[in-house]
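To keep things clear, I will list the structure first and then write my remarks on it.
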Amino acid sequence: MKKIVVTGALGQIGSELITRMREVYGADHVIATDIRNNGSEVVNNGPFEILDVTDGKAMHDIVKKYDADTLIHLAALLSATAEAKPLLAWNLNMGGLVNALEVARELRCQFFTPSSIGAFGPSTPKDQTPQDTIQRPTTMYGVNKVSGELLCDYYNHKFGLDTRGLRFPGLISYVALPGGGTTDYAVEIYYEAIKNGRYASYIAEGTYMDMMYMPDALNAIIQLMEADESKLKHRNAFNVTAMSFAPEEIAAEIKKHIPSFTMEYNVDPSRQAIADSWPNSIDATAAKEEWGFKAKYDLSSMTKDMLEKLMLKLVKNS
């Protein structure tokens, strides 16, 4: 990768991926784009362009302007938001993806877009969900993700486009605030533990979902994009995961550092229904075998790092 354009650069993944990739490839080689300018470091520490991903011509012009050879498409509505606004989600998530794939095809860019465990559904095997299995999601977000996986496969087979992707679990970060996902509770709980010493979980006790700490997710994207293309059999939807836990388990881990922390439950039926349709745990064997994926953080080491970093962040911003 020499010149990289990233859409949705101010979102949960993008805001950290831009910083990480600028460290690796140089600030001038990573062009951030988003529909808004929030004045953040992502905007100010390297090239930045305003971009509405539903405008294919504008996207084409930006990628061509910077002579980019890589397009990373992150712009999307997440699961809970997409379920509340399904038509908007389809138009943005799928319209933006088609535009990005067309730009990559026309300008011969390497291409990455993330998928999600949301691509699975109630009929998918719940435990150690295989790489290749039935995918019949019951949410608009899941429908978008399955459609996106198939579309990226099509562009690879039909046009020879170098498309790559990961099925991310819930992503946990101390940098960016949650963005409307079903797994957001696993970020919110750390903030509330530090600020208020208590948290009301909208996900029910005993609900297991796969999770990953953001540093592992960023490294996985870069590692996959740098992987030898000839060794990739699956390309667009590698299962990746680092841990699987239920709300009470993350609460117990937090109590090791904040003994007075308490948690109660105020279950949101809509988000709980989404969570119940997803796997309890997934099998990442294909990613390990085809390009050497390996997560560094587990629940214990992530919790320690999250609390330390969040405490510093909250003190700094107070």
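Naming scheme: A, B, ... for chains in displayed order of the structure tokens; residues 1 onward per chain; ligands 1 onward as shown.
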
Run DSSP on the backbone of this structure and report the residues of stretch 212-258 of chain A it assigns to alpha helix (DSSP H), as an MDAnalysis selection string.
chainID A and resid 214:226 247:255

Please, could you write that set of residues out with C-alpha atoms as a short mmCIF file (atom, residue, chain, number, x, y, z; two decimals), in the first residue's frame?
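So the final result, stored in again_25.cif, reads:
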```
data_model
loop_
_atom_site.label_atom_id
_atom_site.label_comp_id
_atom_site.auth_asym_id
_atom_site.auth_seq_id
_atom_site.Cartn_x
_atom_site.Cartn_y
_atom_site.Cartn_z
CA MET A 214 -9.46 -2.08 18.95
CA PRO A 215 -5.64 -2.39 18.77
CA ASP A 216 -6.08 -6.01 17.66
CA ALA A 217 -8.67 -4.96 15.06
CA LEU A 218 -6.37 -2.31 13.58
CA ASN A 219 -3.47 -4.72 13.37
CA ALA A 220 -5.71 -7.30 11.71
CA ILE A 221 -6.73 -4.86 8.97
CA ILE A 222 -3.13 -3.92 8.19
CA GLN A 223 -1.93 -7.52 8.39
CA LEU A 224 -4.67 -8.73 6.02
CA MET A 225 -4.00 -5.93 3.53
CA GLU A 226 -0.29 -6.80 3.53
CA PRO A 247 -22.27 -8.80 30.62
CA GLU A 248 -21.77 -10.28 34.08
CA GLU A 249 -18.28 -11.46 33.15
CA ILE A 250 -17.06 -8.06 32.03
CA ALA A 251 -18.61 -6.61 35.21
CA ALA A 252 -16.72 -9.14 37.34
CA GLU A 253 -13.46 -8.22 35.60
CA ILE A 254 -14.07 -4.50 36.25
CA LYS A 255 -14.76 -5.24 39.95
#
```

Shell of 10 Å around stretch 200-206 of chain A, only C-alpha atoms, local chain residues under 2 positions omitted, as a ChimeraX atom specification:
/A:182-186,188-189,192,198,208-209,245-249,251,262-276

Write to file, as a PDB file, in the first residue's frame, the residues of the selection just made, with C-alpha atoms.
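So the final result, stored in again.pdb, reads:
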```pdb
ATOM      1  CA  THR A 182     -25.544  -3.711  19.587  1.00  0.00           C
ATOM      2  CA  THR A 183     -22.240  -4.464  21.352  1.00  0.00           C
ATOM      3  CA  ASP A 184     -21.785  -0.846  22.503  1.00  0.00           C
ATOM      4  CA  TYR A 185     -22.584  -1.827  26.096  1.00  0.00           C
ATOM      5  CA  ALA A 186     -19.105  -3.317  26.334  1.00  0.00           C
ATOM      6  CA  GLU A 188     -20.230   2.102  27.818  1.00  0.00           C
ATOM      7  CA  ILE A 189     -19.711  -0.079  30.888  1.00  0.00           C
ATOM      8  CA  GLU A 192     -19.859   4.359  33.589  1.00  0.00           C
ATOM      9  CA  ARG A 198     -22.475   1.572  38.295  1.00  0.00           C
ATOM     10  CA  TYR A 208     -22.497 -14.163  25.056  1.00  0.00           C
ATOM     11  CA  MET A 209     -21.077 -12.185  22.126  1.00  0.00           C
ATOM     12  CA  PHE A 245     -18.148 -12.912  27.244  1.00  0.00           C
ATOM     13  CA  ALA A 246     -21.510 -12.099  28.817  1.00  0.00           C
ATOM     14  CA  PRO A 247     -22.268  -8.797  30.616  1.00  0.00           C
ATOM     15  CA  GLU A 248     -21.774 -10.283  34.084  1.00  0.00           C
ATOM     16  CA  GLU A 249     -18.279 -11.462  33.145  1.00  0.00           C
ATOM     17  CA  ALA A 251     -18.611  -6.610  35.213  1.00  0.00           C
ATOM     18  CA  THR A 262     -22.231  -2.527  40.604  1.00  0.00           C
ATOM     19  CA  MET A 263     -24.317  -3.524  37.593  1.00  0.00           C
ATOM     20  CA  GLU A 264     -28.034  -3.933  37.068  1.00  0.00           C
ATOM     21  CA  TYR A 265     -30.079  -4.816  33.992  1.00  0.00           C
ATOM     22  CA  ASN A 266     -32.475  -2.687  31.981  1.00  0.00           C
ATOM     23  CA  VAL A 267     -32.836  -4.860  28.882  1.00  0.00           C
ATOM     24  CA  ASP A 268     -33.622  -3.168  25.567  1.00  0.00           C
ATOM     25  CA  PRO A 269     -35.833  -5.676  23.695  1.00  0.00           C
ATOM     26  CA  SER A 270     -34.734  -4.509  20.230  1.00  0.00           C
ATOM     27  CA  ARG A 271     -31.003  -4.729  20.941  1.00  0.00           C
ATOM     28  CA  GLN A 272     -31.463  -7.974  22.870  1.00  0.00           C
ATOM     29  CA  ALA A 273     -33.245  -9.497  19.881  1.00  0.00           C
ATOM     30  CA  ILE A 274     -30.295  -8.574  17.671  1.00  0.00           C
ATOM     31  CA  ALA A 275     -27.798 -10.003  20.174  1.00  0.00           C
ATOM     32  CA  ASP A 276     -29.799 -13.244  20.464  1.00  0.00           C
TER      33      ASP A 276
END
```

Which residues, written as a PyMOL selection string, have at least one atom at most 9 Å from A:Gly56, with only C-alpha atoms counted and residues fewer than 2 positions away on the same chain left out?
chain A and resi 52-54+58-61+95-96+98-100+102-103

Compare A:Gly8, A:Gly181, A:Gly160, A:Pro279 by their minimum atom-to-atom distance to A:Ala75, counting only C-alpha atoms, and give me the closest one.
A:Gly8

Restricting the calculation to only C-alpha atoms, which member of A:Ile258, A:Gln131, A:Asn44, A:Ala286 is positioned closest to A:Lys195?
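The answer is A:Ile258, which sits nearest to A:Lys195.
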
Shortest interatomic distance to A:Tyr191 - which of A:Thr7, A:Thr303, A:Asn38, A:Asn144, counting only C-alpha atoms
A:Thr303

Would you give me, as JSON lines, each residue of stretch 56-119 of chain A having an atom within 9 Å of an atom of stretch 12-30 of chain A, along with its shortest atom pair and that distance in Å to one decimal, using only C-alpha atoms and sorting by chain and residue number?
```
{"residue": "A:Tyr66", "atom": "CA", "partner": "A:His29", "partner_atom": "CA", "distance": 8.7}
{"residue": "A:Ala68", "atom": "CA", "partner": "A:His29", "partner_atom": "CA", "distance": 8.5}
{"residue": "A:Leu74", "atom": "CA", "partner": "A:Gly14", "partner_atom": "CA", "distance": 6.9}
{"residue": "A:Ala75", "atom": "CA", "partner": "A:Gly14", "partner_atom": "CA", "distance": 8.7}
```

Writer output for current selection, N, CA and C atoms, as an mmCIF file, in the first residue's frame:
```
data_model
loop_
_atom_site.group_PDB
_atom_site.id
_atom_site.type_symbol
_atom_site.label_atom_id
_atom_site.label_comp_id
_atom_site.auth_asym_id
_atom_site.auth_seq_id
_atom_site.Cartn_x
_atom_site.Cartn_y
_atom_site.Cartn_z
ATOM 1 N N TYR A 66 -5.485 11.888 -5.455
ATOM 2 C CA TYR A 66 -4.330 11.490 -4.643
ATOM 3 C C TYR A 66 -3.570 10.306 -5.244
ATOM 4 N N ALA A 68 -4.367 7.254 -5.438
ATOM 5 C CA ALA A 68 -4.369 6.201 -4.425
ATOM 6 C C ALA A 68 -4.372 4.821 -5.073
ATOM 7 N N LEU A 74 -15.153 2.306 5.049
ATOM 8 C CA LEU A 74 -15.679 2.072 6.388
ATOM 9 C C LEU A 74 -17.031 2.723 6.635
ATOM 10 N N ALA A 75 -17.423 3.663 5.787
ATOM 11 C CA ALA A 75 -18.644 4.436 6.027
ATOM 12 C C ALA A 75 -19.873 3.533 6.035
#
```

Please list as a ChimeraX atom specification every residue within 8 Å of stretch 304-316 of chain A, counting only C-alpha atoms and excluding residues in the same chain fewer than 4 positions away.
/A:173-174,190-191,194,257,300

Using only C-alpha atoms for the distances, tell me which of A:Leu150, A:Asp55, A:Val5, A:Ala237 is nearest to A:Thr33.
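That would be A:Val5, the residue with the smallest distance to A:Thr33.
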